[in-house]
Structure formats: C-alpha cells, structure tokens
>>> print(open('coords.txt').read())   # compact mmCIF, N, CA and C atoms
# COMPACT_ATOMS: atom_id res chain seq x y z
N MET A 1 12.31 -32.31 16.52
CA MET A 1 11.19 -31.53 17.00
C MET A 1 10.81 -30.49 15.94
N MET A 2 9.53 -30.31 15.79
CA MET A 2 9.03 -29.39 14.78
C MET A 2 9.00 -27.94 15.26
N HIS A 3 8.86 -27.73 16.55
CA HIS A 3 8.69 -26.37 17.08
C HIS A 3 9.86 -25.98 17.97
N HIS A 4 10.14 -24.68 17.97
CA HIS A 4 11.21 -24.15 18.80
C HIS A 4 10.70 -23.81 20.19
N ARG A 5 9.43 -23.49 20.27
CA ARG A 5 8.83 -23.10 21.55
C ARG A 5 7.86 -24.17 21.99
N HIS A 6 7.88 -24.46 23.28
CA HIS A 6 6.95 -25.43 23.86
C HIS A 6 6.29 -24.80 25.09
N TYR A 7 4.99 -24.95 25.16
CA TYR A 7 4.20 -24.31 26.21
C TYR A 7 3.84 -25.30 27.31
N SER A 8 3.86 -24.80 28.54
CA SER A 8 3.24 -25.54 29.64
C SER A 8 1.74 -25.23 29.57
N VAL A 9 0.94 -25.97 30.30
CA VAL A 9 -0.50 -25.71 30.32
C VAL A 9 -0.74 -24.29 30.83
N ALA A 10 -0.04 -23.89 31.88
CA ALA A 10 -0.22 -22.55 32.45
C ALA A 10 0.15 -21.47 31.44
N GLU A 11 1.25 -21.66 30.70
CA GLU A 11 1.65 -20.68 29.69
C GLU A 11 0.63 -20.59 28.57
N ALA A 12 0.11 -21.72 28.12
CA ALA A 12 -0.92 -21.71 27.08
C ALA A 12 -2.18 -21.01 27.59
N ASN A 13 -2.60 -21.35 28.80
CA ASN A 13 -3.80 -20.72 29.36
C ASN A 13 -3.64 -19.21 29.49
N ALA A 14 -2.43 -18.75 29.78
CA ALA A 14 -2.19 -17.31 29.91
C ALA A 14 -2.37 -16.58 28.58
N LEU A 15 -2.28 -17.29 27.47
CA LEU A 15 -2.40 -16.66 26.15
C LEU A 15 -3.79 -16.80 25.52
N LEU A 16 -4.70 -17.50 26.17
CA LEU A 16 -5.99 -17.80 25.53
C LEU A 16 -6.76 -16.55 25.13
N GLU A 17 -6.81 -15.56 25.99
CA GLU A 17 -7.57 -14.35 25.66
C GLU A 17 -6.97 -13.66 24.43
N GLN A 18 -5.65 -13.56 24.42
CA GLN A 18 -4.95 -12.91 23.30
C GLN A 18 -5.13 -13.71 22.01
N VAL A 19 -4.91 -15.01 22.05
CA VAL A 19 -5.03 -15.85 20.86
C VAL A 19 -6.48 -15.87 20.37
N GLY A 20 -7.41 -15.98 21.29
CA GLY A 20 -8.82 -15.97 20.91
C GLY A 20 -9.22 -14.69 20.22
N ALA A 21 -8.73 -13.55 20.71
CA ALA A 21 -9.04 -12.26 20.09
C ALA A 21 -8.47 -12.18 18.68
N VAL A 22 -7.26 -12.67 18.49
CA VAL A 22 -6.65 -12.65 17.15
C VAL A 22 -7.45 -13.53 16.20
N VAL A 23 -7.82 -14.73 16.64
CA VAL A 23 -8.59 -15.65 15.79
C VAL A 23 -9.93 -15.02 15.42
N ARG A 24 -10.60 -14.40 16.38
CA ARG A 24 -11.89 -13.76 16.08
C ARG A 24 -11.72 -12.62 15.06
N ARG A 25 -10.65 -11.82 15.19
CA ARG A 25 -10.42 -10.73 14.22
C ARG A 25 -10.15 -11.29 12.83
N ILE A 26 -9.37 -12.36 12.75
CA ILE A 26 -9.11 -12.97 11.44
C ILE A 26 -10.41 -13.48 10.83
N ARG A 27 -11.22 -14.16 11.64
CA ARG A 27 -12.50 -14.68 11.11
C ARG A 27 -13.41 -13.56 10.65
N GLU A 28 -13.48 -12.48 11.41
CA GLU A 28 -14.32 -11.34 11.02
C GLU A 28 -13.83 -10.73 9.71
N ALA A 29 -12.52 -10.55 9.59
CA ALA A 29 -11.95 -9.96 8.37
C ALA A 29 -12.19 -10.88 7.18
N ARG A 30 -11.99 -12.17 7.37
CA ARG A 30 -12.23 -13.13 6.30
C ARG A 30 -13.70 -13.10 5.89
N GLY A 31 -14.59 -13.04 6.87
CA GLY A 31 -16.02 -12.96 6.58
C GLY A 31 -16.37 -11.72 5.79
N GLN A 32 -15.72 -10.61 6.11
CA GLN A 32 -15.96 -9.37 5.37
C GLN A 32 -15.53 -9.52 3.92
N LEU A 33 -14.37 -10.12 3.69
CA LEU A 33 -13.91 -10.31 2.32
C LEU A 33 -14.85 -11.22 1.54
N VAL A 34 -15.29 -12.27 2.15
CA VAL A 34 -16.20 -13.21 1.48
C VAL A 34 -17.53 -12.51 1.19
N GLU A 35 -18.05 -11.79 2.17
CA GLU A 35 -19.33 -11.09 2.03
C GLU A 35 -19.29 -10.05 0.91
N GLU A 36 -18.14 -9.41 0.74
CA GLU A 36 -18.02 -8.36 -0.25
C GLU A 36 -17.56 -8.87 -1.61
N GLY A 37 -17.51 -10.18 -1.77
CA GLY A 37 -17.23 -10.73 -3.08
C GLY A 37 -15.78 -11.00 -3.39
N PHE A 38 -14.90 -10.93 -2.40
CA PHE A 38 -13.51 -11.28 -2.65
C PHE A 38 -13.45 -12.75 -3.02
N ASP A 39 -12.66 -13.05 -4.04
CA ASP A 39 -12.51 -14.46 -4.42
C ASP A 39 -11.10 -14.71 -4.93
N GLN A 40 -10.74 -15.96 -5.06
CA GLN A 40 -9.39 -16.33 -5.49
C GLN A 40 -9.06 -15.85 -6.90
N PRO A 41 -9.97 -15.93 -7.87
CA PRO A 41 -9.62 -15.40 -9.20
C PRO A 41 -9.23 -13.92 -9.17
N PHE A 42 -9.94 -13.13 -8.38
CA PHE A 42 -9.58 -11.72 -8.28
C PHE A 42 -8.19 -11.56 -7.68
N ALA A 43 -7.90 -12.32 -6.63
CA ALA A 43 -6.59 -12.23 -5.98
C ALA A 43 -5.48 -12.59 -6.96
N THR A 44 -5.72 -13.59 -7.77
CA THR A 44 -4.71 -14.02 -8.75
C THR A 44 -4.48 -12.93 -9.79
N VAL A 45 -5.55 -12.34 -10.31
CA VAL A 45 -5.42 -11.27 -11.30
C VAL A 45 -4.70 -10.07 -10.67
N ALA A 46 -5.07 -9.70 -9.46
CA ALA A 46 -4.44 -8.56 -8.79
C ALA A 46 -2.95 -8.81 -8.60
N GLU A 47 -2.61 -10.02 -8.21
CA GLU A 47 -1.20 -10.35 -8.00
C GLU A 47 -0.41 -10.31 -9.32
N LEU A 48 -0.99 -10.86 -10.37
CA LEU A 48 -0.29 -10.92 -11.65
C LEU A 48 -0.15 -9.56 -12.32
N THR A 49 -1.11 -8.68 -12.08
CA THR A 49 -1.09 -7.38 -12.75
C THR A 49 -0.52 -6.28 -11.87
N GLY A 50 -0.18 -6.62 -10.64
CA GLY A 50 0.32 -5.58 -9.73
C GLY A 50 -0.80 -4.70 -9.24
N GLY A 51 -2.03 -5.17 -9.36
CA GLY A 51 -3.19 -4.39 -8.96
C GLY A 51 -3.33 -4.31 -7.46
N ALA A 52 -4.32 -3.58 -7.03
CA ALA A 52 -4.55 -3.36 -5.61
C ALA A 52 -5.90 -3.93 -5.22
N TRP A 53 -6.14 -3.93 -3.93
CA TRP A 53 -7.43 -4.37 -3.42
C TRP A 53 -8.48 -3.34 -3.82
N PRO A 54 -9.69 -3.78 -4.09
CA PRO A 54 -10.74 -2.84 -4.52
C PRO A 54 -11.31 -2.07 -3.32
N GLY A 55 -10.60 -1.06 -2.90
CA GLY A 55 -11.10 -0.20 -1.83
C GLY A 55 -10.42 -0.44 -0.51
N PRO A 56 -10.49 0.55 0.37
CA PRO A 56 -9.80 0.47 1.66
C PRO A 56 -10.35 -0.60 2.60
N GLU A 57 -11.64 -0.91 2.49
CA GLU A 57 -12.21 -1.93 3.37
C GLU A 57 -11.57 -3.29 3.09
N HIS A 58 -11.40 -3.61 1.82
CA HIS A 58 -10.76 -4.87 1.46
C HIS A 58 -9.30 -4.88 1.93
N ALA A 59 -8.64 -3.75 1.75
CA ALA A 59 -7.23 -3.66 2.14
C ALA A 59 -7.09 -3.84 3.65
N ARG A 60 -7.97 -3.21 4.42
CA ARG A 60 -7.92 -3.35 5.88
C ARG A 60 -8.18 -4.79 6.30
N ALA A 61 -9.16 -5.41 5.68
CA ALA A 61 -9.48 -6.80 6.03
C ALA A 61 -8.33 -7.73 5.67
N ALA A 62 -7.75 -7.54 4.49
CA ALA A 62 -6.63 -8.38 4.07
C ALA A 62 -5.44 -8.18 4.99
N LEU A 63 -5.19 -6.95 5.39
CA LEU A 63 -4.09 -6.65 6.30
C LEU A 63 -4.35 -7.27 7.67
N GLU A 64 -5.56 -7.20 8.15
CA GLU A 64 -5.92 -7.80 9.44
C GLU A 64 -5.65 -9.30 9.43
N ILE A 65 -6.00 -9.95 8.34
CA ILE A 65 -5.75 -11.39 8.22
C ILE A 65 -4.25 -11.67 8.23
N ALA A 66 -3.51 -10.94 7.41
CA ALA A 66 -2.07 -11.18 7.32
C ALA A 66 -1.37 -10.92 8.65
N LEU A 67 -1.70 -9.81 9.29
CA LEU A 67 -1.07 -9.48 10.57
C LEU A 67 -1.49 -10.46 11.67
N GLY A 68 -2.73 -10.89 11.62
CA GLY A 68 -3.20 -11.86 12.61
C GLY A 68 -2.45 -13.18 12.52
N PHE A 69 -2.32 -13.70 11.30
CA PHE A 69 -1.58 -14.95 11.13
C PHE A 69 -0.10 -14.77 11.47
N ASP A 70 0.47 -13.61 11.14
CA ASP A 70 1.86 -13.35 11.51
C ASP A 70 2.03 -13.38 13.03
N HIS A 71 1.09 -12.78 13.74
CA HIS A 71 1.16 -12.75 15.20
C HIS A 71 1.09 -14.17 15.78
N LEU A 72 0.17 -14.97 15.27
CA LEU A 72 0.05 -16.35 15.76
C LEU A 72 1.30 -17.16 15.43
N GLU A 73 1.88 -16.89 14.27
CA GLU A 73 3.12 -17.58 13.89
C GLU A 73 4.26 -17.19 14.83
N GLU A 74 4.33 -15.91 15.20
CA GLU A 74 5.35 -15.46 16.14
C GLU A 74 5.21 -16.17 17.49
N LEU A 75 3.97 -16.43 17.89
CA LEU A 75 3.74 -17.15 19.14
C LEU A 75 4.02 -18.64 19.00
N ASP A 76 4.19 -19.12 17.76
CA ASP A 76 4.42 -20.53 17.45
C ASP A 76 3.24 -21.41 17.86
N VAL A 77 2.03 -20.85 17.65
CA VAL A 77 0.83 -21.65 17.83
C VAL A 77 0.32 -22.05 16.45
N VAL A 78 -0.44 -23.12 16.39
CA VAL A 78 -0.88 -23.67 15.12
C VAL A 78 -2.40 -23.54 15.02
N VAL A 79 -2.87 -22.90 13.95
CA VAL A 79 -4.30 -22.80 13.69
C VAL A 79 -4.68 -24.03 12.88
N ARG A 80 -5.44 -24.92 13.49
CA ARG A 80 -5.85 -26.15 12.80
C ARG A 80 -7.12 -25.95 11.98
N ASP A 81 -8.05 -25.17 12.52
CA ASP A 81 -9.31 -24.93 11.83
C ASP A 81 -9.78 -23.54 12.24
N LEU A 82 -9.67 -22.60 11.34
CA LEU A 82 -10.01 -21.21 11.65
C LEU A 82 -11.49 -21.07 12.00
N GLU A 83 -12.36 -21.65 11.21
CA GLU A 83 -13.80 -21.49 11.44
C GLU A 83 -14.25 -22.11 12.76
N ARG A 84 -13.73 -23.26 13.08
CA ARG A 84 -14.09 -23.92 14.35
C ARG A 84 -13.27 -23.38 15.50
N GLY A 85 -12.19 -22.67 15.21
CA GLY A 85 -11.36 -22.08 16.25
C GLY A 85 -10.48 -23.09 16.96
N ILE A 86 -9.98 -24.09 16.23
CA ILE A 86 -9.13 -25.11 16.83
C ILE A 86 -7.68 -24.65 16.77
N ILE A 87 -7.07 -24.53 17.94
CA ILE A 87 -5.71 -24.01 18.08
C ILE A 87 -4.88 -25.04 18.85
N ASP A 88 -3.64 -25.26 18.38
CA ASP A 88 -2.71 -26.15 19.05
C ASP A 88 -1.51 -25.37 19.55
N PHE A 89 -1.13 -25.64 20.79
CA PHE A 89 0.07 -25.09 21.40
C PHE A 89 1.09 -26.21 21.51
N PRO A 90 2.25 -26.07 20.87
CA PRO A 90 3.27 -27.11 21.00
C PRO A 90 3.67 -27.27 22.47
N SER A 91 3.87 -28.51 22.86
CA SER A 91 4.24 -28.80 24.24
C SER A 91 5.10 -30.06 24.27
N LEU A 92 5.61 -30.37 25.43
CA LEU A 92 6.37 -31.61 25.62
C LEU A 92 5.69 -32.44 26.69
N LEU A 93 5.57 -33.73 26.43
CA LEU A 93 5.01 -34.67 27.39
C LEU A 93 5.91 -35.89 27.41
N GLY A 94 6.58 -36.10 28.52
CA GLY A 94 7.51 -37.22 28.61
C GLY A 94 8.63 -37.14 27.59
N GLY A 95 9.06 -35.92 27.26
CA GLY A 95 10.13 -35.73 26.28
C GLY A 95 9.68 -35.80 24.84
N GLU A 96 8.42 -36.07 24.59
CA GLU A 96 7.87 -36.14 23.24
C GLU A 96 7.08 -34.88 22.94
N GLU A 97 7.20 -34.41 21.70
CA GLU A 97 6.44 -33.24 21.30
C GLU A 97 4.98 -33.64 21.08
N VAL A 98 4.08 -32.87 21.69
CA VAL A 98 2.64 -33.07 21.56
C VAL A 98 2.01 -31.68 21.37
N TYR A 99 0.70 -31.66 21.21
CA TYR A 99 -0.01 -30.39 21.13
C TYR A 99 -1.03 -30.30 22.25
N LEU A 100 -1.02 -29.16 22.93
CA LEU A 100 -2.11 -28.81 23.83
C LEU A 100 -3.19 -28.24 22.93
N CYS A 101 -4.36 -28.82 22.97
CA CYS A 101 -5.42 -28.49 22.02
C CYS A 101 -6.50 -27.67 22.69
N TRP A 102 -6.84 -26.55 22.08
CA TRP A 102 -7.85 -25.64 22.61
C TRP A 102 -8.78 -25.21 21.50
N VAL A 103 -10.05 -25.05 21.83
CA VAL A 103 -11.03 -24.53 20.90
C VAL A 103 -11.49 -23.18 21.44
N VAL A 104 -11.45 -22.16 20.59
CA VAL A 104 -11.87 -20.82 21.00
C VAL A 104 -13.24 -20.93 21.67
N GLY A 105 -13.33 -20.37 22.85
CA GLY A 105 -14.57 -20.43 23.62
C GLY A 105 -14.46 -21.35 24.82
N GLU A 106 -13.55 -22.32 24.77
CA GLU A 106 -13.33 -23.17 25.94
C GLU A 106 -12.66 -22.32 27.02
N ALA A 107 -13.00 -22.57 28.26
CA ALA A 107 -12.50 -21.77 29.38
C ALA A 107 -11.00 -21.91 29.57
N SER A 108 -10.46 -23.08 29.26
CA SER A 108 -9.03 -23.32 29.43
C SER A 108 -8.59 -24.48 28.54
N VAL A 109 -7.28 -24.65 28.45
CA VAL A 109 -6.74 -25.79 27.72
C VAL A 109 -6.99 -27.02 28.57
N GLY A 110 -7.73 -27.96 28.03
CA GLY A 110 -8.07 -29.15 28.80
C GLY A 110 -7.75 -30.45 28.08
N HIS A 111 -7.14 -30.34 26.89
CA HIS A 111 -6.87 -31.54 26.10
C HIS A 111 -5.49 -31.46 25.46
N TRP A 112 -5.01 -32.59 25.04
CA TRP A 112 -3.76 -32.69 24.29
C TRP A 112 -3.93 -33.79 23.26
N HIS A 113 -3.05 -33.81 22.28
CA HIS A 113 -3.02 -34.92 21.32
C HIS A 113 -1.62 -35.07 20.77
N ALA A 114 -1.33 -36.26 20.29
CA ALA A 114 -0.04 -36.53 19.66
C ALA A 114 0.04 -35.75 18.37
N VAL A 115 1.24 -35.46 17.94
CA VAL A 115 1.46 -34.67 16.73
C VAL A 115 0.76 -35.32 15.53
N GLU A 116 0.86 -36.62 15.41
CA GLU A 116 0.31 -37.31 14.24
C GLU A 116 -1.18 -37.61 14.32
N SER A 117 -1.80 -37.45 15.50
CA SER A 117 -3.21 -37.86 15.62
C SER A 117 -4.21 -36.76 15.33
N GLY A 118 -3.86 -35.52 15.54
CA GLY A 118 -4.80 -34.44 15.27
C GLY A 118 -5.95 -34.37 16.23
N PHE A 119 -6.92 -33.52 15.91
CA PHE A 119 -8.05 -33.24 16.78
C PHE A 119 -8.80 -34.50 17.19
N GLY A 120 -8.92 -35.45 16.27
CA GLY A 120 -9.64 -36.69 16.59
C GLY A 120 -8.99 -37.50 17.69
N GLY A 121 -7.71 -37.25 17.94
CA GLY A 121 -6.99 -37.97 18.98
C GLY A 121 -6.90 -37.22 20.30
N ARG A 122 -7.73 -36.18 20.47
CA ARG A 122 -7.69 -35.39 21.71
C ARG A 122 -7.95 -36.26 22.92
N ARG A 123 -7.15 -35.98 23.95
CA ARG A 123 -7.32 -36.68 25.23
C ARG A 123 -7.34 -35.64 26.33
N PRO A 124 -8.10 -35.89 27.39
CA PRO A 124 -8.10 -34.94 28.52
C PRO A 124 -6.72 -34.88 29.16
N LEU A 125 -6.37 -33.72 29.66
CA LEU A 125 -5.09 -33.57 30.39
C LEU A 125 -5.13 -34.35 31.70
>>> encode(input="coords.txt", output="structure tokens")
Amino acid sequence: MMHHRHYSVAEANALLEQVGAVVRRIREARGQLVEEGFDQPFATVAELTGGAWPGPEHARAALEIALGFDHLEELDVVVRDLERGIIDFPSLLGGEEVYLCWVVGEASVGHWHAVESGFGGRRPL
C-alpha cells in the first residue's frame, strides 16, 4: 500500500471545505508569483547564491505555497492537478487501495478510481 491513511467517503467529505480552502490559497499565491514575474531561473539563481525572494510579497506567497502543500501532505491527500483542483483521497475498496476523487467545487466526493487509472478512470461511487 502506498498510503498510511485511508479515508471513508464520510471522512473525505468532512475535509472538503478545509482542503478546498488550502488549494484555493495555493492557487492564489502561485498566481501572484506568476503575475509578478517569478520564474524558475530566478529561483535557481536565488538558491545557488543564497539570495532571498525579491520583497515580502513574494516571500509570503512562496511561504503560503509551501505551507499549503505541507498541510495537504500531512492529511495524506494527493493533489493531481492544482489548476483544475483535482484531489485524491486514499481509500480502500474491497481490500484494494483506490482513490476517492474530488474536484474543488463539487459538493461532495462522488467518484473513485483505481490507483493506476487516474482521473480518466473515474467511476461514480
């Protein structure tokens, strides 16, 4: 098994508001960095030279992203597509590990898919 934690549908549904809020904050912070000209070459130079983020706004956005992903990792949920808001909750079905699949904005978890099939293999619960 790949995951230590497995969610029931009810447990996953209880976390949707929290997970959705974290995903939205990460997307907003990422959008801010992109809008303000943050790019990978700058990040590489900053890392190699021990430099800092250019200003507090960049630092706050970068921190928001890092803390957001850390929080989702602590919950043991999987972000499949940040922009589309595709989130997987590890679960068990008939003793096999599967993912309960949710898209930010959906009212509840209503789909699942096998570990190897991904979003394209979503099936209704």
>>> atom_distance(input="coords.txt", atom1="atom C of Gly85 (chain A)", atom2="atom N of Gly105 (chain A)")
7.1 Å
>>> select_by_dssp(input="coords.txt", residues="chain A", states="helix (DSSP H, G or I)", output="NGL selection string")
:A and (9-35 or 40-49 or 56-75 or 119-121)
>>> atom_distance(input="coords.txt", atom1="CA of His111 (chain A)", atom2="CA of Asp70 (chain A)")
24.9 Å
>>> atom_distance(input="coords.txt", atom1="CA of Arg122 (chain A)", atom2="atom N of Cys101 (chain A)")
7.5 Å
>>> residues_around(input="coords.txt", residues="Met1 (chain A)", least_positions_apart="2", cutoff="10 Å", atoms="only C-alpha atoms", output="list in words")
His3, His4, Arg5, Pro90, Leu92, Glu96, Glu97 and Val98 of chain A
>>> residues_around(input="coords.txt", residues="Ile86 (chain A)", least_positions_apart="2", cutoff="7 Å", atoms="all atoms listed in the file", output="ChimeraX atom specification")
/A:78-84,88,101-104
>>> residues_around(input="coords.txt", residues="His6 (chain A)", least_positions_apart="4", cutoff="8 Å", atoms="all atoms listed in the file", output="PyMOL selection string")
chain A and resi 11-12+76+89-92
>>> select_by_dssp(input="coords.txt", residues="region 12-124 of chain A", states="strand (DSSP E or B)", output="PyMOL selection string")
chain A and resi 78-81+86-93+96-103+111-114+123-124
>>> closest_residue(input="coords.txt", among="A:Pro124, A:Gly95, A:Arg27, A:Gly20", to="Val109 (chain A)", atoms="all atoms listed in the file")
A:Pro124
